[in-house]
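Below is one structure; the comments refer to it alone.
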Amino acid sequence: MEVTVAISVALSLVFVAIIVRWVWGFLDWVWLKPKKLERCLRQQGFEGNSYRLLYGDMKEYAITLKKAKSKPMNLSTSHEIAPRVIPLLAQTMKTYGKNSFVWIGPIPRVNIMNPEDVKNVFTKLGDFPKPASNPLVKLLATGLASYEGEKWAKHRRIINPTFHSEKLKRMLPAFYQSCNDMIKEWGSVTSNESSSCEFDVWPSLQNLTADVISRTAFGSSYQEGRIIFELLKEQAGHAMKAVLNVYIPGWRFLPTKMNKRMKQIDKEIRGILMGIIRKREKAIEAGEATKDDLLGALMESNLKDIRDHGKNNKNGGMSMEDVVEECKLFYFAGQETTSVLLVWTMVLLCQNQNWQDRAREEVLQVFGMNKPDFDGLTHLKVVTMIFLEVLRLYPAVVVLARTTPKETQVGKFSLPAGVEVGIPTLLIHHDKELWGDDAEEFRPERFSEGVSKATNSQLSFFPFGAGPRICIGQNFAMMEAKLALALILQHFTFDLSPSYAHAPSNLITLQPQYGAPIMLHRR
């Protein structure tokens, strides 16, 4: 009897100890650690709002964002879009200066604006890994963009050959087929409207880039790729909602409507991709597979890596699951980046007709009305200057984040473990101290002698990131954008419709909230 009582008491004590430990851990996560980090940052000269239990600045962020998105902004010669796109961050910087921080729930995020410090963050991968994503956001895409350490190095090694210039050259016919289909569509719209009409180019450009990535990623399976595009588009909307909320551990397991839908979408995408990959594996075994699309090039490189390192070597090759994740990333990143670049380019060329005329003159001088070729596209200087300036003013991703797993030096500051480092691409690209008093203006001529000259050899321009993790698909995106714009300029002139409302909005990437209606005129 006494033994039973003793066991009962012991179990009770163990249970109480577990509860106490869990409560202490929760208290440390939600209050003690954030306040300790806040004191440390303030002692070093950083300023920001005082920490608020659990949510930090997230509630204020949601309120300011909702208010900013409630009405469009004036489109003038100034492109000061930060107060609309990232209102809390813009206000924090205005109130507290460049050495400031914001609260992402219970985690302080320090803003890094100095180009030398930005360079250190981008190059020292071990010191500044990417922060762990909300598990719900991971359902959108993981792959190369989110891996760290050896896994990242292996995937980068395998995927690199996929985007070699010779591979891109072989994909140009697929680029052209998709772009030409869009030009024909626009031509039929204008012919029905006496050679001129109002037309919202945003959905059309999204469809174009989805079509391009479907053809170039999956070749003959591109119709299945189109289904993936629609599903990923919906998933991105859910992911953005998840980003705006503090993630509470275990929340993803609750059967909420959004959680269930996100998991269902993920299951559908995986099913389609597994089917495409298995079909391709059978074609490879039969010696019938193409290597001229991204999936073919990826699988070819993966098989070579397995042969080089040995089938049972964990450092050799990617698993089927890994290939699925990389395909999702190809699709989401490849489609989003190029569509937003093209839509903002068209808006700014509508607003700046002199640059539209100069770009068209260059395209006609290089190609006439002939089909653009790879070598000609690489020599479009004016078009390249325009794209670089659009990427400066309207970068696809407006803020990049890293974390500090241990105490880390950034310039003169010693950041404690557990702090996030925010690199506000949009604010750095618009910084008048770095770019001059005309930083908010569209001036492509600043890139006439290249990026290095425009930035005074500082890291103040990084639309595709920088350092070892620079976007692997940037040449793919730029080549696709050049071909699309060249064909548009060959066949049309365009200016803004009176119904256009300038409303840049951050939905994972920087998009036009109300679309982009323009007046399209056949040449």
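So you can find residues: chains in the structure tokens are A, B, ... in the order shown, residues in each start at 1, and ligands are numbered from 1 in order.
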Quiz item: Quick one: residues within 12 Å of Leu205 of chain A, only C-alpha atoms counted, chain neighbours fewer than 2 positions away excluded, as a ChimeraX atom specification?
Solution: /A:178-179,181-183,185-186,199-203,207-212,335-346,480-481,484-485,488,511-512,515-517
Quiz prompt | Sel. of alpha helix (DSSP H) residues, segment 338-523 of chain A, as a PyMOL selection string | solution = chain A and resi 338-351+353-367+374-378+381-393+425-429+432-435+451-454+474-491
Hey, can you spit out that residue selection with C-alpha atoms as an mmCIF file, in the first residue's frame?
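This is the output file result38.cif:
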```cif
data_model
loop_
_atom_site.group_PDB
_atom_site.id
_atom_site.type_symbol
_atom_site.label_atom_id
_atom_site.label_comp_id
_atom_site.auth_asym_id
_atom_site.auth_seq_id
_atom_site.Cartn_x
_atom_site.Cartn_y
_atom_site.Cartn_z
ATOM 1 C CA THR A 338 8.743 37.840 -63.920
ATOM 2 C CA SER A 339 5.070 38.812 -63.911
ATOM 3 C CA VAL A 340 5.591 41.596 -61.356
ATOM 4 C CA LEU A 341 8.679 42.865 -63.198
ATOM 5 C CA LEU A 342 6.723 43.069 -66.459
ATOM 6 C CA VAL A 343 3.629 44.717 -65.012
ATOM 7 C CA TRP A 344 5.572 47.503 -63.236
ATOM 8 C CA THR A 345 7.713 47.978 -66.342
ATOM 9 C CA MET A 346 4.604 48.537 -68.456
ATOM 10 C CA VAL A 347 3.120 50.947 -65.893
ATOM 11 C CA LEU A 348 6.321 53.000 -65.746
ATOM 12 C CA LEU A 349 6.742 53.003 -69.537
ATOM 13 C CA CYS A 350 3.165 54.257 -69.817
ATOM 14 C CA GLN A 351 4.097 57.069 -67.482
ATOM 15 C CA GLN A 353 6.681 57.698 -72.953
ATOM 16 C CA ASN A 354 10.185 58.919 -73.855
ATOM 17 C CA TRP A 355 11.674 55.731 -72.391
ATOM 18 C CA GLN A 356 9.023 53.602 -74.079
ATOM 19 C CA ASP A 357 10.033 55.206 -77.394
ATOM 20 C CA ARG A 358 13.741 54.656 -76.706
ATOM 21 C CA ALA A 359 13.199 51.003 -75.811
ATOM 22 C CA ARG A 360 11.086 50.409 -78.935
ATOM 23 C CA GLU A 361 13.666 52.118 -81.117
ATOM 24 C CA GLU A 362 16.370 49.824 -79.727
ATOM 25 C CA VAL A 363 14.257 46.671 -80.202
ATOM 26 C CA LEU A 364 13.430 47.607 -83.819
ATOM 27 C CA GLN A 365 17.068 48.459 -84.498
ATOM 28 C CA VAL A 366 18.246 45.060 -83.221
ATOM 29 C CA PHE A 367 15.423 42.807 -84.518
ATOM 30 C CA PHE A 374 19.079 34.896 -77.782
ATOM 31 C CA ASP A 375 22.180 36.900 -78.760
ATOM 32 C CA GLY A 376 20.135 39.993 -79.638
ATOM 33 C CA LEU A 377 18.286 39.872 -76.313
ATOM 34 C CA THR A 378 21.579 39.833 -74.387
ATOM 35 C CA LYS A 381 21.173 47.938 -73.329
ATOM 36 C CA VAL A 382 18.260 50.415 -73.008
ATOM 37 C CA VAL A 383 15.794 47.640 -72.134
ATOM 38 C CA THR A 384 18.224 46.337 -69.495
ATOM 39 C CA MET A 385 18.598 49.833 -67.967
ATOM 40 C CA ILE A 386 14.809 50.128 -67.763
ATOM 41 C CA PHE A 387 14.427 46.731 -66.094
ATOM 42 C CA LEU A 388 17.134 47.517 -63.531
ATOM 43 C CA GLU A 389 15.449 50.798 -62.610
ATOM 44 C CA VAL A 390 12.055 49.094 -62.307
ATOM 45 C CA LEU A 391 13.632 46.443 -60.050
ATOM 46 C CA ARG A 392 15.116 49.223 -57.935
ATOM 47 C CA LEU A 393 11.836 51.088 -57.489
ATOM 48 C CA THR A 425 15.180 45.909 -49.863
ATOM 49 C CA LEU A 426 12.555 48.518 -50.747
ATOM 50 C CA LEU A 427 13.853 51.104 -48.255
ATOM 51 C CA ILE A 428 17.504 50.583 -49.238
ATOM 52 C CA HIS A 429 16.646 50.852 -52.961
ATOM 53 C CA LYS A 432 18.418 59.133 -50.726
ATOM 54 C CA GLU A 433 21.713 58.875 -48.830
ATOM 55 C CA LEU A 434 22.680 55.997 -51.132
ATOM 56 C CA TRP A 435 20.993 57.005 -54.409
ATOM 57 C CA VAL A 451 25.170 48.373 -61.614
ATOM 58 C CA SER A 452 28.615 48.837 -60.064
ATOM 59 C CA LYS A 453 28.867 52.448 -61.279
ATOM 60 C CA ALA A 454 25.259 53.233 -60.277
ATOM 61 C CA GLN A 474 17.594 35.530 -62.191
ATOM 62 C CA ASN A 475 18.955 34.996 -65.732
ATOM 63 C CA PHE A 476 15.874 32.919 -66.566
ATOM 64 C CA ALA A 477 13.583 35.725 -65.326
ATOM 65 C CA MET A 478 15.488 38.476 -67.138
ATOM 66 C CA MET A 479 15.621 36.580 -70.433
ATOM 67 C CA GLU A 480 11.890 35.862 -70.303
ATOM 68 C CA ALA A 481 11.105 39.508 -69.447
ATOM 69 C CA LYS A 482 13.306 40.835 -72.277
ATOM 70 C CA LEU A 483 11.662 38.582 -74.850
ATOM 71 C CA ALA A 484 8.146 39.492 -73.681
ATOM 72 C CA LEU A 485 8.843 43.240 -73.644
ATOM 73 C CA ALA A 486 10.574 43.121 -77.042
ATOM 74 C CA LEU A 487 7.517 41.482 -78.625
ATOM 75 C CA ILE A 488 5.130 43.920 -76.905
ATOM 76 C CA LEU A 489 7.150 46.914 -78.141
ATOM 77 C CA GLN A 490 7.274 45.511 -81.677
ATOM 78 C CA HIS A 491 3.490 45.262 -81.913
#
```
Quiz item: atom CA of Met262 of chain A and atom CA of Gln235 of chain A are how many Å apart?
Solution: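 About the pair atom CA of Met262 of chain A and atom CA of Gln235 of chain A: they are 6.4 Å apart.
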